[in-house]
>>> print(open('input-v4.cif').read())   # mmCIF, C-alpha atoms
data_query
loop_
_atom_site.group_PDB
_atom_site.id
_atom_site.type_symbol
_atom_site.label_atom_id
_atom_site.label_comp_id
_atom_site.auth_asym_id
_atom_site.auth_seq_id
_atom_site.Cartn_x
_atom_site.Cartn_y
_atom_site.Cartn_z
ATOM 1 C CA GLU A 319 12.669 -12.308 5.480
ATOM 2 C CA SER A 320 11.613 -8.958 4.066
ATOM 3 C CA THR A 321 8.487 -8.377 1.981
ATOM 4 C CA ILE A 322 6.442 -11.214 3.457
ATOM 5 C CA LYS A 323 7.715 -10.639 6.985
ATOM 6 C CA TYR A 324 7.256 -6.889 7.248
ATOM 7 C CA GLN A 325 4.382 -6.275 4.852
ATOM 8 C CA ALA A 326 2.300 -9.311 3.884
ATOM 9 C CA SER A 327 2.173 -10.606 7.464
ATOM 10 C CA VAL A 328 0.061 -7.630 8.489
ATOM 11 C CA PHE A 329 -2.881 -9.278 6.707
ATOM 12 C CA ASN A 330 -2.636 -12.763 8.232
ATOM 13 C CA GLY A 331 -4.873 -11.915 11.179
ATOM 14 C CA SER A 332 -7.892 -11.673 8.863
ATOM 15 C CA ALA A 333 -6.960 -13.467 5.672
ATOM 16 C CA LYS A 334 -4.944 -16.183 4.034
ATOM 17 C CA VAL A 335 -1.875 -14.705 2.372
ATOM 18 C CA TYR A 336 -1.027 -15.602 -1.217
ATOM 19 C CA ALA A 337 2.077 -13.920 -2.642
ATOM 20 C CA PRO A 338 3.221 -14.284 -6.256
ATOM 21 C CA LEU A 339 6.820 -15.215 -7.030
ATOM 22 C CA TYR A 340 7.588 -13.096 -10.064
ATOM 23 C CA ARG A 341 10.442 -11.713 -12.149
ATOM 24 C CA GLN A 342 10.615 -8.227 -10.706
ATOM 25 C CA ALA A 343 11.717 -5.467 -13.043
ATOM 26 C CA HIS A 344 14.946 -3.735 -12.033
ATOM 27 C CA ILE A 345 14.381 -0.492 -10.137
ATOM 28 C CA GLY A 346 16.258 1.313 -12.899
ATOM 29 C CA VAL A 347 13.207 1.049 -15.173
ATOM 30 C CA TYR A 348 11.583 3.818 -13.148
ATOM 31 C CA TYR A 349 14.409 6.209 -13.984
ATOM 32 C CA THR A 350 15.349 5.288 -17.542
ATOM 33 C CA ASP A 351 14.477 7.422 -20.552
ATOM 34 C CA ASN A 352 14.211 4.241 -22.618
ATOM 35 C CA LEU A 353 10.427 3.941 -22.625
ATOM 36 C CA PRO A 354 10.200 0.721 -24.717
ATOM 37 C CA LEU A 355 12.619 -1.000 -22.327
ATOM 38 C CA LYS A 356 10.648 0.215 -19.321
ATOM 39 C CA VAL A 357 7.368 -1.024 -20.746
ATOM 40 C CA GLU A 358 8.840 -4.390 -21.713
ATOM 41 C CA ALA A 359 10.366 -4.981 -18.263
ATOM 42 C CA LEU A 360 7.193 -4.093 -16.381
ATOM 43 C CA GLU A 361 5.003 -6.081 -18.760
ATOM 44 C CA ASN A 362 7.215 -9.145 -18.302
ATOM 45 C CA ALA A 363 6.903 -8.819 -14.543
ATOM 46 C CA TYR A 364 3.138 -8.375 -14.753
ATOM 47 C CA THR A 365 2.863 -11.510 -16.884
ATOM 48 C CA ASP A 366 4.066 -13.504 -13.881
ATOM 49 C CA VAL A 367 1.787 -11.665 -11.451
ATOM 50 C CA ARG A 368 -1.185 -12.221 -13.734
ATOM 51 C CA ALA A 369 -0.430 -15.933 -14.122
ATOM 52 C CA ALA A 370 -0.127 -16.330 -10.341
ATOM 53 C CA PHE A 371 -3.430 -14.541 -9.775
ATOM 54 C CA ARG A 372 -5.226 -16.663 -12.368
ATOM 55 C CA TYR A 373 -3.841 -19.789 -10.691
ATOM 56 C CA TYR A 374 -5.123 -18.510 -7.352
ATOM 57 C CA LEU A 375 -8.590 -17.881 -8.794
ATOM 58 C CA ASP A 376 -8.710 -21.291 -10.443
ATOM 59 C CA ASN A 377 -7.375 -23.309 -7.518
ATOM 60 C CA TRP A 378 -7.723 -21.484 -4.197
ATOM 61 C CA ASN A 379 -10.281 -18.690 -4.178
ATOM 62 C CA ASN A 380 -13.528 -20.692 -4.249
ATOM 63 C CA GLY A 381 -15.613 -17.525 -4.256
ATOM 64 C CA ARG A 382 -14.003 -16.038 -1.152
ATOM 65 C CA PRO A 383 -13.674 -12.264 -0.620
ATOM 66 C CA ILE A 384 -10.375 -10.798 -1.829
ATOM 67 C CA ILE A 385 -7.955 -8.193 -0.497
ATOM 68 C CA ILE A 386 -5.358 -6.943 -2.966
ATOM 69 C CA ALA A 387 -2.191 -5.746 -1.219
ATOM 70 C CA SER A 388 1.024 -4.373 -2.659
ATOM 71 C CA HIS A 389 3.949 -2.038 -2.223
ATOM 72 C CA SER A 390 6.221 -0.080 -4.560
ATOM 73 C CA GLN A 391 6.642 -1.930 -7.885
ATOM 74 C CA GLY A 392 4.027 -4.381 -6.673
ATOM 75 C CA THR A 393 1.579 -1.495 -6.706
ATOM 76 C CA SER A 394 2.306 -0.841 -10.380
ATOM 77 C CA HIS A 395 1.256 -4.422 -11.072
ATOM 78 C CA ALA A 396 -1.675 -4.331 -8.651
ATOM 79 C CA VAL A 397 -3.127 -1.333 -10.491
ATOM 80 C CA THR A 398 -2.977 -3.254 -13.781
ATOM 81 C CA LEU A 399 -4.440 -6.331 -12.096
ATOM 82 C CA LEU A 400 -7.358 -4.383 -10.632
ATOM 83 C CA ARG A 401 -8.113 -2.801 -13.989
ATOM 84 C CA GLU A 402 -8.027 -6.144 -15.793
ATOM 85 C CA PHE A 403 -9.814 -8.385 -13.313
ATOM 86 C CA PHE A 404 -12.004 -6.155 -11.150
ATOM 87 C CA GLU A 405 -13.127 -2.923 -12.788
ATOM 88 C CA ARG A 406 -16.631 -3.442 -14.185
ATOM 89 C CA LYS A 407 -16.149 -7.196 -13.783
ATOM 90 C CA PRO A 408 -18.064 -9.744 -11.628
ATOM 91 C CA LEU A 409 -14.977 -10.137 -9.405
ATOM 92 C CA MET A 410 -15.578 -6.613 -8.111
ATOM 93 C CA GLU A 411 -18.271 -8.083 -5.861
ATOM 94 C CA GLN A 412 -15.555 -10.012 -4.019
ATOM 95 C CA LEU A 413 -13.217 -7.065 -3.425
ATOM 96 C CA VAL A 414 -12.952 -6.099 0.233
ATOM 97 C CA ALA A 415 -10.334 -3.397 -0.426
ATOM 98 C CA ALA A 416 -7.040 -2.819 -2.214
ATOM 99 C CA TYR A 417 -4.109 -1.644 -0.093
ATOM 100 C CA ILE A 418 -1.863 -0.481 -2.938
ATOM 101 C CA VAL A 419 0.872 1.412 -1.148
ATOM 102 C CA GLY A 420 4.120 3.157 -2.035
ATOM 103 C CA MET A 421 3.365 4.704 -5.421
ATOM 104 C CA PRO A 422 1.870 8.132 -6.198
ATOM 105 C CA LEU A 423 -1.631 7.490 -7.539
ATOM 106 C CA ASP A 424 -4.339 10.064 -8.148
ATOM 107 C CA GLU A 425 -8.083 9.652 -7.769
ATOM 108 C CA LYS A 426 -8.418 9.022 -11.504
ATOM 109 C CA THR A 427 -6.223 5.899 -11.364
ATOM 110 C CA PHE A 428 -9.399 3.855 -11.755
ATOM 111 C CA SER A 429 -12.565 4.796 -13.570
ATOM 112 C CA TYR A 430 -14.802 2.663 -11.373
ATOM 113 C CA ILE A 431 -13.058 1.778 -8.091
ATOM 114 C CA PRO A 432 -13.215 4.700 -5.616
ATOM 115 C CA VAL A 433 -10.617 5.838 -3.103
ATOM 116 C CA CYS A 434 -11.418 4.663 0.437
ATOM 117 C CA ASP A 435 -12.437 7.655 2.552
ATOM 118 C CA GLU A 436 -13.965 5.885 5.554
ATOM 119 C CA PRO A 437 -12.329 3.354 7.923
ATOM 120 C CA THR A 438 -14.829 0.586 7.103
ATOM 121 C CA GLU A 439 -15.536 1.375 3.444
ATOM 122 C CA THR A 440 -15.215 -1.626 1.126
ATOM 123 C CA GLY A 441 -14.849 -2.121 -2.606
ATOM 124 C CA CYS A 442 -12.323 0.722 -2.678
ATOM 125 C CA TRP A 443 -8.562 1.348 -2.813
ATOM 126 C CA LEU A 444 -6.097 3.205 -0.611
ATOM 127 C CA THR A 445 -2.481 4.236 -0.686
ATOM 128 C CA TRP A 446 0.090 6.439 1.026
ATOM 129 C CA ASN A 447 3.705 7.495 0.494
ATOM 130 C CA THR A 448 5.625 8.336 3.649
ATOM 131 C CA TYR A 449 8.093 11.231 3.838
ATOM 132 C CA ALA A 450 9.672 13.373 6.538
ATOM 133 C CA LYS A 451 7.560 16.397 7.448
ATOM 134 C CA GLY A 452 8.510 19.379 5.315
ATOM 135 C CA TYR A 453 10.379 17.357 2.678
ATOM 136 C CA PHE A 454 9.554 17.584 -1.018
ATOM 137 C CA PRO A 455 11.080 14.860 -3.216
ATOM 138 C CA PRO A 456 12.494 15.630 -6.678
ATOM 139 C CA GLN A 457 9.799 16.312 -9.292
ATOM 140 C CA HIS A 458 7.232 16.544 -6.522
ATOM 141 C CA ASP A 459 4.891 18.749 -8.538
ATOM 142 C CA TYR A 460 4.753 16.160 -11.323
ATOM 143 C CA TRP A 461 4.473 12.957 -9.268
ATOM 144 C CA TYR A 462 2.880 13.863 -5.955
ATOM 145 C CA GLU A 463 1.024 17.165 -5.921
ATOM 146 C CA PHE A 464 -2.227 15.567 -7.091
ATOM 147 C CA ALA A 465 -1.694 12.129 -5.580
ATOM 148 C CA SER A 466 -4.300 10.612 -3.286
ATOM 149 C CA ASN A 467 -3.304 9.587 0.222
ATOM 150 C CA VAL A 468 -5.262 7.795 2.910
ATOM 151 C CA ASN A 469 -3.859 8.452 6.382
ATOM 152 C CA PRO A 470 -3.225 5.015 7.971
ATOM 153 C CA LEU A 471 -3.922 6.406 11.445
ATOM 154 C CA SER A 472 -7.339 7.893 10.645
ATOM 155 C CA TRP A 473 -8.201 6.093 7.373
ATOM 156 C CA THR A 474 -9.431 9.309 5.784
ATOM 157 C CA THR A 475 -8.121 11.477 2.950
ATOM 158 C CA ASP A 476 -8.307 14.783 4.806
ATOM 159 C CA SER A 477 -5.228 16.762 5.872
ATOM 160 C CA LEU A 478 -5.844 16.694 9.626
ATOM 161 C CA TYR A 479 -2.824 15.919 11.771
ATOM 162 C CA VAL A 480 -3.011 12.603 13.668
ATOM 163 C CA SER A 481 -0.706 12.308 16.664
ATOM 164 C CA TRP A 482 1.521 9.501 17.932
ATOM 165 C CA GLY A 483 -1.121 8.526 20.465
ATOM 166 C CA MET A 484 -3.310 7.167 17.676
ATOM 167 C CA ASN A 485 -0.564 4.815 16.468
ATOM 168 C CA LYS A 486 -1.379 1.417 17.982
ATOM 169 C CA GLY A 487 2.006 -0.013 17.167
ATOM 170 C CA GLY A 488 4.683 -0.227 14.525
ATOM 171 C CA ILE A 489 7.588 -2.607 14.109
ATOM 172 C CA LEU A 490 11.303 -2.090 13.623
ATOM 173 C CA ARG A 491 13.724 -4.280 11.740
ATOM 174 C CA ASN A 492 14.157 -6.884 14.485
ATOM 175 C CA PHE A 493 10.396 -7.600 14.412
ATOM 176 C CA LYS A 494 10.539 -8.558 18.092
ATOM 177 C CA LYS A 495 8.340 -5.895 19.643
ATOM 178 C CA ILE A 496 5.234 -3.887 18.871
ATOM 179 C CA ARG A 497 6.008 -0.214 19.494
ATOM 180 C CA PRO A 498 2.904 1.888 20.228
ATOM 181 C CA GLY A 499 3.199 5.531 19.231
ATOM 182 C CA LEU A 500 6.010 4.857 16.782
ATOM 183 C CA SER A 501 4.864 7.530 14.349
ATOM 184 C CA ASP A 502 2.382 10.324 13.774
ATOM 185 C CA ALA A 503 0.941 11.097 10.314
ATOM 186 C CA GLN A 504 -0.590 13.864 8.211
ATOM 187 C CA ASN A 505 -1.627 14.024 4.568
ATOM 188 C CA GLN A 506 0.104 16.981 2.922
ATOM 189 C CA HIS A 507 0.828 17.878 -0.719
ATOM 190 C CA GLY A 508 0.062 14.379 -2.015
ATOM 191 C CA MET A 509 2.307 12.705 0.564
ATOM 192 C CA LEU A 510 2.039 11.309 4.069
ATOM 193 C CA TRP A 511 4.246 13.472 6.266
ATOM 194 C CA ILE A 512 5.608 12.184 9.576
ATOM 195 C CA ASN A 513 7.921 13.502 12.262
ATOM 196 C CA LYS A 514 10.919 11.377 13.198
ATOM 197 C CA PRO A 515 9.682 8.014 14.568
ATOM 198 C CA LYS A 516 10.014 7.575 18.313
ATOM 199 C CA PHE A 517 12.331 4.772 19.421
ATOM 200 C CA PHE A 518 15.586 4.409 21.328
ATOM 201 C CA GLY A 519 18.434 5.474 19.085
ATOM 202 C CA ASN A 520 16.295 7.485 16.692
ATOM 203 C CA PHE A 521 18.846 10.305 16.814
ATOM 204 C CA LEU A 522 20.847 8.198 14.355
ATOM 205 C CA LEU A 523 17.960 8.270 11.888
ATOM 206 C CA ASN A 524 18.105 11.051 9.334
ATOM 207 C CA TRP A 525 15.729 9.784 6.656
ATOM 208 C CA LYS A 526 13.693 11.998 4.385
ATOM 209 C CA ARG A 527 12.003 9.150 2.534
ATOM 210 C CA TYR A 528 10.343 6.382 4.559
ATOM 211 C CA HIS A 529 9.336 4.303 1.548
ATOM 212 C CA VAL A 530 10.753 1.016 2.835
ATOM 213 C CA VAL A 531 8.743 1.236 6.063
ATOM 214 C CA ASP A 532 5.372 2.378 4.674
ATOM 215 C CA TYR A 533 3.815 -0.683 6.333
ATOM 216 C CA ASN A 534 6.116 -1.041 9.361
ATOM 217 C CA LEU A 535 5.309 2.349 10.836
ATOM 218 C CA PHE A 536 1.570 1.673 11.044
ATOM 219 C CA TYR A 537 1.582 -2.121 11.363
ATOM 220 C CA MET A 538 -1.073 -2.589 14.066
ATOM 221 C CA ASN A 539 -3.371 0.112 12.701
ATOM 222 C CA ILE A 540 -3.317 -1.568 9.308
ATOM 223 C CA ARG A 541 -3.914 -4.978 10.877
ATOM 224 C CA GLU A 542 -6.926 -3.658 12.788
ATOM 225 C CA ASN A 543 -8.286 -1.826 9.771
ATOM 226 C CA VAL A 544 -8.110 -4.962 7.632
ATOM 227 C CA ALA A 545 -10.237 -6.770 10.233
ATOM 228 C CA ASP A 546 -12.711 -3.871 10.307
ATOM 229 C CA ARG A 547 -13.102 -3.847 6.531
ATOM 230 C CA VAL A 548 -13.496 -7.626 6.379
ATOM 231 C CA ASN A 549 -16.233 -7.459 9.024
ATOM 232 C CA ALA A 550 -17.927 -4.609 7.169
ATOM 233 C CA TYR A 551 -17.778 -6.600 3.944
ATOM 234 C CA PHE A 552 -19.523 -9.615 5.491
ATOM 235 C CA GLN A 553 -22.116 -7.416 7.163
ATOM 236 C CA SER A 554 -22.913 -5.804 3.811
ATOM 237 C CA LYS A 555 -23.558 -9.226 2.317
ATOM 238 C CA ASN A 556 -25.954 -10.378 5.045
#
>>> encode(input="input-v4.cif", output="structure tokens")
Amino acid sequence: ESTIKYQASVFNGSAKVYAPLYRQAHIGVYYTDNLPLKVEALENAYTDVRAAFRYYLDNWNNGRPIIIASHSQGTSHAVTLLREFFERKPLMEQLVAAYIVGMPLDEKTFSYIPVCDEPTETGCWLTWNTYAKGYFPPQHDYWYEFASNVNPLSWTTDSLYVSWGMNKGGILRNFKKIRPGLSDAQNQHGMLWINKPKFFGNFLLNWKRYHVVDYNLFYMNIRENVADRVNAYFQSKN
């Protein structure tokens, strides 16, 4: 009713969706000064993710192309997974793209997998972190200033503003209606800045951090882009 519904479902127009059930680390590990505890919690969670992925490879993949998708803590684990299973490994040939969203990542996150900078580029990774235009989160200079962002309305890393008219449809919490023009987007200072989303009742919305709706806001654009990258992947193999 949450992660699968609002995030994973965006991929089901082009791919089968496999989602690991894992022991998620408590959000507090990202704020604690207890480094050994943080490492232990995240490693325990990754153990489950890794086991699920190995089971998928052994039982369900059958040589098919792969899209890695994640959000927030899931992105922490997806980065580790990509490093372990894909970088400089035969499985890299099966990677369509990695949509690893909701964590500040710089271009040096991987030594071999590049950031996607074209709408149909494959074998690459992309991310964004959505904030209100003009807002700088705490410790911005440390976490975000050098982070990479791919604009989900243009699928490029440049800082050009992309207007609401390019948004083919986002979804709100009721998931009952596609809402074209829900949001604009612009890469700025290692973040994806947006103006207040356009929907009835938005005057009640006073968010600065749009982390929980990183996928919702650009739902149809992401869905279309996944199809484009899948098609490009197959064309490259012909």
>>> resolve_selection(input="input-v4.cif", expression="the PyMOL selection byres ((chain A and resi 386) around 9)", output="list in words")
Ile384, Ile385, Ala387, Ser388, Ala396, Leu400, Leu413, Val414, Ala415, Ala416, Tyr417, Ile418 and Trp443 of chain A
>>> closest_residue(input="input-v4.cif", among="A:Arg527, A:Arg541, A:Lys451, A:Lys426", to="Ser466 in chain A", atoms="only C-alpha atoms")
A:Lys426
>>> residues_around(input="input-v4.cif", residues="Gln506 in chain A", least_positions_apart="3", cutoff="9 Å", atoms="only C-alpha atoms", output="list in words")
Lys451, Glu463, Asn467, Asp476, Ser477, Leu478, Met509, Leu510 and Trp511 of chain A
>>> resolve_selection(input="input-v4.cif", expression="the PyMOL selection byres ((chain A and resi 549) around 12)", output="PDB file with C-alpha atoms, in the frame of the given file")
ATOM      1  CA  SER A 332      -7.892 -11.673   8.863  1.00  0.00           C
ATOM      2  CA  ALA A 333      -6.960 -13.467   5.672  1.00  0.00           C
ATOM      3  CA  PRO A 383     -13.674 -12.264  -0.620  1.00  0.00           C
ATOM      4  CA  VAL A 414     -12.952  -6.099   0.233  1.00  0.00           C
ATOM      5  CA  ALA A 415     -10.334  -3.397  -0.426  1.00  0.00           C
ATOM      6  CA  PRO A 437     -12.329   3.354   7.923  1.00  0.00           C
ATOM      7  CA  THR A 438     -14.829   0.586   7.103  1.00  0.00           C
ATOM      8  CA  GLU A 439     -15.536   1.375   3.444  1.00  0.00           C
ATOM      9  CA  THR A 440     -15.215  -1.626   1.126  1.00  0.00           C
ATOM     10  CA  GLU A 542      -6.926  -3.658  12.788  1.00  0.00           C
ATOM     11  CA  ASN A 543      -8.286  -1.826   9.771  1.00  0.00           C
ATOM     12  CA  VAL A 544      -8.110  -4.962   7.632  1.00  0.00           C
ATOM     13  CA  ALA A 545     -10.237  -6.770  10.233  1.00  0.00           C
ATOM     14  CA  ASP A 546     -12.711  -3.871  10.307  1.00  0.00           C
ATOM     15  CA  ARG A 547     -13.102  -3.847   6.531  1.00  0.00           C
ATOM     16  CA  VAL A 548     -13.496  -7.626   6.379  1.00  0.00           C
ATOM     17  CA  ALA A 550     -17.927  -4.609   7.169  1.00  0.00           C
ATOM     18  CA  TYR A 551     -17.778  -6.600   3.944  1.00  0.00           C
ATOM     19  CA  PHE A 552     -19.523  -9.615   5.491  1.00  0.00           C
ATOM     20  CA  GLN A 553     -22.116  -7.416   7.163  1.00  0.00           C
ATOM     21  CA  SER A 554     -22.913  -5.804   3.811  1.00  0.00           C
ATOM     22  CA  LYS A 555     -23.558  -9.226   2.317  1.00  0.00           C
ATOM     23  CA  ASN A 556     -25.954 -10.378   5.045  1.00  0.00           C
TER      24      ASN A 556
END
>>> residues_around(input="input-v4.cif", residues="Ser390 in chain A", least_positions_apart="4", cutoff="8 Å", atoms="all atoms listed in the file", output="PyMOL selection string")
chain A and resi 394+419-421
>>> resolve_selection(input="input-v4.cif", expression="the PyMOL selection byres ((chain A and resi 501) around 9)", output="NGL selection string")
:A and (481-485 or 487-488 or 498-500 or 502-503 or 512-516 or 535-536)
>>> closest_residue(input="input-v4.cif", among="A:Glu358, A:Arg406, A:Leu353, A:Val335", to="Asn379 in chain A", atoms="all atoms listed in the file")
A:Val335
>>> axis_aligned_box(input="input-v4.cif", around="range 418-428 of chain A", padding_each_side="4 Å", output="JSON")
{"center_x": -2.6, "center_y": 4.8, "center_z": -6.5, "size_x": 21.5, "size_y": 18.5, "size_z": 18.6}
>>> atom_distance(input="input-v4.cif", atom1="CA of Tyr340 in chain A", atom2="CA of Asn362 in chain A")
9.1 Å
>>> closest_residue(input="input-v4.cif", among="A:Tyr364, A:Tyr537, A:Tyr479, A:Phe517", to="Gln325 in chain A", atoms="all atoms listed in the file")
A:Tyr537
>>> residues_around(input="input-v4.cif", residues="Asn492 in chain A", least_positions_apart="6", cutoff="12 Å", atoms="all atoms listed in the file", output="VMD selection string")
chain A and resid 319 to 320 323 to 324 534
>>> atom_distance(input="input-v4.cif", atom1="CA of Met538 in chain A", atom2="CA of Lys486 in chain A")
5.6 Å
>>> closest_residue(input="input-v4.cif", among="A:Asn505, A:Asn524, A:Gln412, A:Asn539", to="Cys442 in chain A", atoms="only C-alpha atoms")
A:Gln412
>>> decode(input="input-v4.cif", residues="range 522-549 of chain A", atoms="N, CA and C atoms", output="PDB file, in the first residue's frame")
ATOM      1  N   LEU A 522      -2.656  24.167   1.168  1.00  0.00           N
ATOM      2  CA  LEU A 522      -2.426  23.540   2.473  1.00  0.00           C
ATOM      3  C   LEU A 522      -1.041  22.903   2.569  1.00  0.00           C
ATOM      4  N   LEU A 523      -0.376  22.790   1.428  1.00  0.00           N
ATOM      5  CA  LEU A 523       0.926  22.130   1.379  1.00  0.00           C
ATOM      6  C   LEU A 523       2.036  23.143   1.627  1.00  0.00           C
ATOM      7  N   ASN A 524       2.854  22.876   2.612  1.00  0.00           N
ATOM      8  CA  ASN A 524       3.944  23.788   2.936  1.00  0.00           C
ATOM      9  C   ASN A 524       5.243  23.016   3.123  1.00  0.00           C
ATOM     10  N   TRP A 525       5.472  22.031   2.253  1.00  0.00           N
ATOM     11  CA  TRP A 525       6.653  21.189   2.360  1.00  0.00           C
ATOM     12  C   TRP A 525       7.894  21.911   1.843  1.00  0.00           C
ATOM     13  N   LYS A 526       9.018  21.573   2.436  1.00  0.00           N
ATOM     14  CA  LYS A 526      10.312  21.977   1.917  1.00  0.00           C
ATOM     15  C   LYS A 526      11.052  20.777   1.326  1.00  0.00           C
ATOM     16  N   ARG A 527      10.736  19.616   1.856  1.00  0.00           N
ATOM     17  CA  ARG A 527      11.397  18.373   1.441  1.00  0.00           C
ATOM     18  C   ARG A 527      10.348  17.442   0.848  1.00  0.00           C
ATOM     19  N   TYR A 528      10.519  17.062  -0.402  1.00  0.00           N
ATOM     20  CA  TYR A 528       9.544  16.226  -1.102  1.00  0.00           C
ATOM     21  C   TYR A 528      10.058  14.791  -1.268  1.00  0.00           C
ATOM     22  N   HIS A 529      10.848  14.362  -0.304  1.00  0.00           N
ATOM     23  CA  HIS A 529      11.489  13.052  -0.361  1.00  0.00           C
ATOM     24  C   HIS A 529      10.487  11.914  -0.580  1.00  0.00           C
ATOM     25  N   VAL A 530       9.390  11.935   0.124  1.00  0.00           N
ATOM     26  CA  VAL A 530       8.449  10.807   0.072  1.00  0.00           C
ATOM     27  C   VAL A 530       7.723  10.713  -1.261  1.00  0.00           C
ATOM     28  N   VAL A 531       7.777  11.773  -2.070  1.00  0.00           N
ATOM     29  CA  VAL A 531       7.081  11.737  -3.359  1.00  0.00           C
ATOM     30  C   VAL A 531       8.059  11.917  -4.533  1.00  0.00           C
ATOM     31  N   ASP A 532       9.308  11.504  -4.346  1.00  0.00           N
ATOM     32  CA  ASP A 532      10.294  11.585  -5.422  1.00  0.00           C
ATOM     33  C   ASP A 532       9.812  10.895  -6.694  1.00  0.00           C
ATOM     34  N   TYR A 533       9.086   9.789  -6.535  1.00  0.00           N
ATOM     35  CA  TYR A 533       8.548   9.060  -7.687  1.00  0.00           C
ATOM     36  C   TYR A 533       7.172   9.600  -8.088  1.00  0.00           C
ATOM     37  N   ASN A 534       6.322   9.867  -7.107  1.00  0.00           N
ATOM     38  CA  ASN A 534       4.942  10.288  -7.395  1.00  0.00           C
ATOM     39  C   ASN A 534       4.857  11.483  -8.326  1.00  0.00           C
ATOM     40  N   LEU A 535       5.698  12.475  -8.081  1.00  0.00           N
ATOM     41  CA  LEU A 535       5.613  13.734  -8.806  1.00  0.00           C
ATOM     42  C   LEU A 535       5.841  13.574 -10.303  1.00  0.00           C
ATOM     43  N   PHE A 536       6.629  12.572 -10.679  1.00  0.00           N
ATOM     44  CA  PHE A 536       7.044  12.415 -12.076  1.00  0.00           C
ATOM     45  C   PHE A 536       6.667  11.035 -12.616  1.00  0.00           C
ATOM     46  N   TYR A 537       5.596  10.473 -12.096  1.00  0.00           N
ATOM     47  CA  TYR A 537       5.235   9.073 -12.311  1.00  0.00           C
ATOM     48  C   TYR A 537       5.199   8.691 -13.793  1.00  0.00           C
ATOM     49  N   MET A 538       4.468   9.429 -14.608  1.00  0.00           N
ATOM     50  CA  MET A 538       4.307   9.056 -16.014  1.00  0.00           C
ATOM     51  C   MET A 538       5.575   9.301 -16.822  1.00  0.00           C
ATOM     52  N   ASN A 539       6.333  10.326 -16.475  1.00  0.00           N
ATOM     53  CA  ASN A 539       7.607  10.556 -17.157  1.00  0.00           C
ATOM     54  C   ASN A 539       8.578   9.420 -16.893  1.00  0.00           C
ATOM     55  N   ILE A 540       8.605   8.954 -15.641  1.00  0.00           N
ATOM     56  CA  ILE A 540       9.477   7.830 -15.310  1.00  0.00           C
ATOM     57  C   ILE A 540       9.023   6.589 -16.069  1.00  0.00           C
ATOM     58  N   ARG A 541       7.738   6.339 -16.058  1.00  0.00           N
ATOM     59  CA  ARG A 541       7.177   5.156 -16.726  1.00  0.00           C
ATOM     60  C   ARG A 541       7.539   5.148 -18.220  1.00  0.00           C
ATOM     61  N   GLU A 542       7.421   6.300 -18.849  1.00  0.00           N
ATOM     62  CA  GLU A 542       7.766   6.412 -20.267  1.00  0.00           C
ATOM     63  C   GLU A 542       9.260   6.242 -20.485  1.00  0.00           C
ATOM     64  N   ASN A 543      10.060   6.827 -19.595  1.00  0.00           N
ATOM     65  CA  ASN A 543      11.499   6.728 -19.746  1.00  0.00           C
ATOM     66  C   ASN A 543      11.994   5.300 -19.585  1.00  0.00           C
ATOM     67  N   VAL A 544      11.394   4.553 -18.667  1.00  0.00           N
ATOM     68  CA  VAL A 544      11.754   3.147 -18.500  1.00  0.00           C
ATOM     69  C   VAL A 544      11.532   2.404 -19.815  1.00  0.00           C
ATOM     70  N   ALA A 545      10.384   2.631 -20.451  1.00  0.00           N
ATOM     71  CA  ALA A 545      10.090   1.982 -21.730  1.00  0.00           C
ATOM     72  C   ALA A 545      11.112   2.384 -22.793  1.00  0.00           C
ATOM     73  N   ASP A 546      11.482   3.661 -22.813  1.00  0.00           N
ATOM     74  CA  ASP A 546      12.460   4.137 -23.796  1.00  0.00           C
ATOM     75  C   ASP A 546      13.819   3.473 -23.596  1.00  0.00           C
ATOM     76  N   ARG A 547      14.230   3.350 -22.346  1.00  0.00           N
ATOM     77  CA  ARG A 547      15.545   2.736 -22.083  1.00  0.00           C
ATOM     78  C   ARG A 547      15.521   1.239 -22.385  1.00  0.00           C
ATOM     79  N   VAL A 548      14.420   0.580 -22.083  1.00  0.00           N
ATOM     80  CA  VAL A 548      14.304  -0.844 -22.405  1.00  0.00           C
ATOM     81  C   VAL A 548      14.395  -1.050 -23.918  1.00  0.00           C
ATOM     82  N   ASN A 549      13.671  -0.230 -24.673  1.00  0.00           N
ATOM     83  CA  ASN A 549      13.723  -0.320 -26.133  1.00  0.00           C
ATOM     84  C   ASN A 549      15.128  -0.052 -26.650  1.00  0.00           C
TER      85      ASN A 549
END
